[in-house]
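So the structure is just underneath, and the comments pick up after that.
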Amino acid sequence: MTHQFPALSSGQKRELQEIALRIVTPGKGILAADESVGSMGKRLNQIGVENTEENRRQYRQILFSADDRINSCIGGVIFFHETLYQHADDGTPFVKMIKDRGITVGIKVDKGVVPLAGTNGESTTQGLDGLSERCAQYKKDGANFAKWRCVFKISEATPSKLSIEENANVLARYSSICQQHGIVPIVEPEILPDGDHDLRRCQYVTEKVLAALYKAMSDHHVYLEGTLLKPNMATPGHSCPTKYSAEEVAMATVTALRRTVPPAVTGVTFLSGGQSEEEASVHLNAINNCSLVKPWTLTFSYGRALQVSALKTWRGHKENESAATEQFIKRAEVNGLACQGKYTGGGDSESDQIYVANHAY
Amino acid sequence: LSLPPSLPRRTQRLCYEQKKELQEIAERITAPGKGILAADESTGSMGKRLNPIGVENTEENRRLYRQLLFTADERMDACIGGVIFFHETLYQNADDGTNFSQLIKDRGIVVGIKVDKGVVPLAGTDGETTTQGLDGLAERCAQYKKDGADFAKWRSVLKISDNTPSELAIMENANVLARYASICQQNGIVPIVEPEILPDGDHDLKRCQYITEKVLSAVYKALSDHHVYLEGTLLKPNMVTPGHSCPQKYTNEEIAMATVTALRRTVPPAVTGVTFLSGGQSEEEASINLNAINTCPLGKPWALTFSYGRALQASALNAWRGERDNEKAAAEEFLKRAEVNGLAAQGKYESTGDSGAAGQSLYVANHAY
């Protein structure tokens, strides 16, 4: 450890940093369209659409054929493997459609969660086998960033030390491999909102998880400037009886990040978790208006929070496609404003009336 | 982390008021344009300072010397946010009977105290050390707080060689720094965390940067594990420099870029301030490098200032040479360095010396990759 054996050349580092910067250009965020076949099933089921490869293709086409308005608010799109090799009706590969409009193509590379024996229902994430070869191929096929999701849950006894260390380690291994192939790793240590814990508890757990993550990243010699972080916001659990304002959520989130995320990390692209479209935008906006110093870009990497209305409008009917695309564009533009702290719509009087402490101690 | 049900949730956690107090102290010390006078040389170290100027290392001489620094005129108040004391000095008085700690406090400068008890060997390593001083530290902190101290300092030492710093040295020193920090905060004392990587050796700038990154990463993981409130701490690191016997020369901008890059990769923004040690640097070198650090174009979310010992006192000691008649002139030398560093901490110092000239013709990369 006392001698450095450089993992990357200056040229490789520069490429990675530039990709990361391009994805989180001010005003831009990520469309997470990487739902696995199983996850797409859940989405399509709810709108009465059969989960076929053709339906999944048509649905992604609705998103990818949005007009130029999204060029200024979408910096990257995360693909699922199947989608990376699908085409539009006119034969244009989806990858080309996205790349041609100056949007960076990303690919989900993990292979889902698996149980950690001896824990209280905790998991790690698999997908490291052959990851190097897969990254090399994805890079050839147009991808410049990747995403890997780990999952934690809050309860009396969790997350455990094992779960935190194991997931931090696997995220760092994944990152290291990606960077070797010119792929910017988005690191996603999602702490689920399930439970009745309060905001403070989520903030505390988020701080512990992120501290472990960045220690692992350092140990694995990952080049931080060429990475992005996709964390949960600090929020109360779903069944927590206490209500919090958007400003309190923002303050807890920014404080947790300030205590753990080195400034070298190029950007933080929040997941939306179970938040509604509007909630996710309002929270992102409050985060960007938080008065504490925030040395990284703070933007979105939303799946459901960009697509729920689009899905509901589509319902599988060709004649609804245009309207569905419009719903998506609307959310994209709103989040484009929110990631600059400029979203003025959707405010609720609640947030004005609750006293907001100047710091989340 | 996820607490067992039997343990009360908030055992000994800092309450809101305690955190607020710690953060405010840290902010006061590193207010814009201000830094720290490290006047905490142990008796042994003072001997090394007084010897070269022909002054006997007596308690009275040490008192006279610290007095001339502490009674420097009001120019000091604008550029010195804190003074680190050695234990003996905290209980000494000026000629007029005023206690030194009170004297400094009355000028609006925060009083600090060195609390470690020196390095001890780590068996089985290649000459590496850890630092002792945890025994009874809680009680000592409580007493120091009563006696006027609001911050403390603890120095750990690491060295670069073929086999060092080892995993053990890094882990052990990070852990002991975190324990010290935790105890201080329980007693309303802001801990300055000093993981000094010595400049001895022939390693180049990149190697020092690499090792600094590894050490600081371990330090902040330990601080997190020990539940230390980062906003109520300060970091006192080495600047990233080539080893003393490294044949290659670097510009101040390269040193600044390497230093800021290392910090950006490891120090969370919540840390209120970074107060560099000067190590073996000359007075001017330490100022020019601090200035270059503050003008480095990368984002720097913490205060970046000085906590200098020799780099504030070398000229003063030389001017004093133990003579009462030289006291004013000696204080003037100290004030000069203090003001220069106050400017450097804001990136406003324009050196008139030629020590920086060598760097002007060399191409400086925009980033230290």
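Residue names in the structure tokens use chain letters A, B, ... in the order shown, residue numbers from 1 in each chain, and ligand numbers from 1 in the order shown.
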For A:Ile329: contacts at 10 Å, only C-alpha atoms, fewer than 6 positions along chain excluded, given as a PDB file with C-alpha atoms, in the first residue's frame:
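Once everything was written out, this is part-v6.pdb:
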```pdb
ATOM      1  CA  LEU A  63     -39.542   8.028 -23.788  1.00  0.00           C
ATOM      2  CA  ALA A  66     -39.308  12.879 -26.802  1.00  0.00           C
ATOM      3  CA  ASP A  67     -38.461  16.071 -28.652  1.00  0.00           C
ATOM      4  CA  ASP A  68     -35.538  18.455 -28.221  1.00  0.00           C
ATOM      5  CA  ARG A  69     -36.931  19.855 -25.009  1.00  0.00           C
ATOM      6  CA  ILE A  70     -35.311  17.002 -23.114  1.00  0.00           C
ATOM      7  CA  CYS A  73     -32.614  18.520 -18.974  1.00  0.00           C
ATOM      8  CA  ILE A  74     -31.529  14.927 -19.559  1.00  0.00           C
ATOM      9  CA  LEU A 306     -40.127  10.617 -14.318  1.00  0.00           C
ATOM     10  CA  GLN A 307     -42.391   7.929 -15.741  1.00  0.00           C
ATOM     11  CA  ALA A 310     -46.324   8.784 -18.806  1.00  0.00           C
ATOM     12  CA  ALA A 323     -49.630  12.468 -24.807  1.00  0.00           C
ATOM     13  CA  ASN A 335     -36.621  18.306 -12.566  1.00  0.00           C
TER      14      ASN A 335
END
```
Query raised in the report: Can you list, as a PyMOL selection string, every protein, DNA or RNA residue that comes within 12 Å of A:Ala88 when you count only C-alpha atoms, leaving out same-chain residues fewer than 3 positions away?
Result: chain A and resi 54+56-65+83-85+91-98
How about saving the chosen residues, C-alpha atoms kept, as a PDB file, in the first residue's frame?
```pdb
ATOM      1  CA  GLU A  54     -42.444  -5.681 -27.949  1.00  0.00           C
ATOM      2  CA  ARG A  56     -41.249  -2.936 -23.440  1.00  0.00           C
ATOM      3  CA  ARG A  57     -39.716  -1.722 -26.717  1.00  0.00           C
ATOM      4  CA  GLN A  58     -42.714   0.433 -27.542  1.00  0.00           C
ATOM      5  CA  TYR A  59     -42.746   1.909 -24.078  1.00  0.00           C
ATOM      6  CA  ARG A  60     -39.068   2.882 -24.115  1.00  0.00           C
ATOM      7  CA  GLN A  61     -39.611   4.314 -27.594  1.00  0.00           C
ATOM      8  CA  ILE A  62     -42.193   6.681 -26.136  1.00  0.00           C
ATOM      9  CA  LEU A  63     -39.542   8.028 -23.788  1.00  0.00           C
ATOM     10  CA  PHE A  64     -36.658   8.100 -26.246  1.00  0.00           C
ATOM     11  CA  SER A  65     -38.597   9.851 -28.993  1.00  0.00           C
ATOM     12  CA  THR A  83     -33.067  -2.240 -24.372  1.00  0.00           C
ATOM     13  CA  LEU A  84     -29.499  -1.467 -25.384  1.00  0.00           C
ATOM     14  CA  TYR A  85     -29.980  -3.715 -28.414  1.00  0.00           C
ATOM     15  CA  GLY A  91     -34.929   0.761 -37.341  1.00  0.00           C
ATOM     16  CA  THR A  92     -32.748   3.303 -35.531  1.00  0.00           C
ATOM     17  CA  PRO A  93     -31.004   1.658 -32.593  1.00  0.00           C
ATOM     18  CA  PHE A  94     -32.118   3.180 -29.307  1.00  0.00           C
ATOM     19  CA  VAL A  95     -28.500   3.773 -28.367  1.00  0.00           C
ATOM     20  CA  LYS A  96     -27.964   5.835 -31.497  1.00  0.00           C
ATOM     21  CA  MET A  97     -31.163   7.820 -30.921  1.00  0.00           C
ATOM     22  CA  ILE A  98     -29.960   8.813 -27.472  1.00  0.00           C
TER      23      ILE A  98
END
```
Requested in this report: Run DSSP on the backbone and grab whatever in stretch 189-352 of chain A lands in strand (DSSP E); send it over as a ChimeraX atom specification.
Outcome: /A:189-191,228-229,267-270,297-302
Compile a residue-level contact table for chain B against chain A at a cut-off of 6 Å, reporting for every qualifying residue the shortest atom pair and its distance in Å to one decimal, with only C-alpha atoms counted, rows ordered by chain and ascending number, as CSV.
```
residue,atom,partner,partner_atom,distance
B:Ser2,CA,A:Ala157,CA,5.4
B:Thr164,CA,A:Thr2,CA,5.8
B:Arg264,CA,A:Pro263,CA,4.9
B:Arg265,CA,A:Ala264,CA,5.0
B:Thr266,CA,A:Pro262,CA,5.3
B:Val267,CA,A:Pro262,CA,5.7
B:Pro268,CA,A:Pro262,CA,4.9
B:Pro269,CA,A:Arg258,CA,4.9
B:Ala270,CA,A:Arg258,CA,4.9
B:Tyr369,CA,A:Ser10,CA,5.7
```
Report task. Please give the complete set of residues from stretch 159-311 of chain B that DSSP, run on the backbone, assigns to alpha helix (DSSP H), formatted as an NGL selection string. Result -> :B and (167-186 or 205-225 or 252-264 or 283-294 or 310-311)
Query raised in the report: Counting only C-alpha atoms, which of A:Val37, A:Val77, A:Ala234, A:Ile47 gets nearest to A:Ala143?
Result: A:Val77
Query raised in the report: What's the 8 Å shell around B:Lys159, counting only C-alpha atoms, without same-chain residues fewer than 2 positions away, as a ChimeraX atom specification?
Result: /B:128,157,161,164-165,197-200
Query - A:Gly267 surroundings by only C-alpha atoms, 9 Å radius, close-in-sequence under 2 positions cut, as a PyMOL selection string - result: chain A and resi 20-21+23-24+225+227-230+264-265+269+295-299
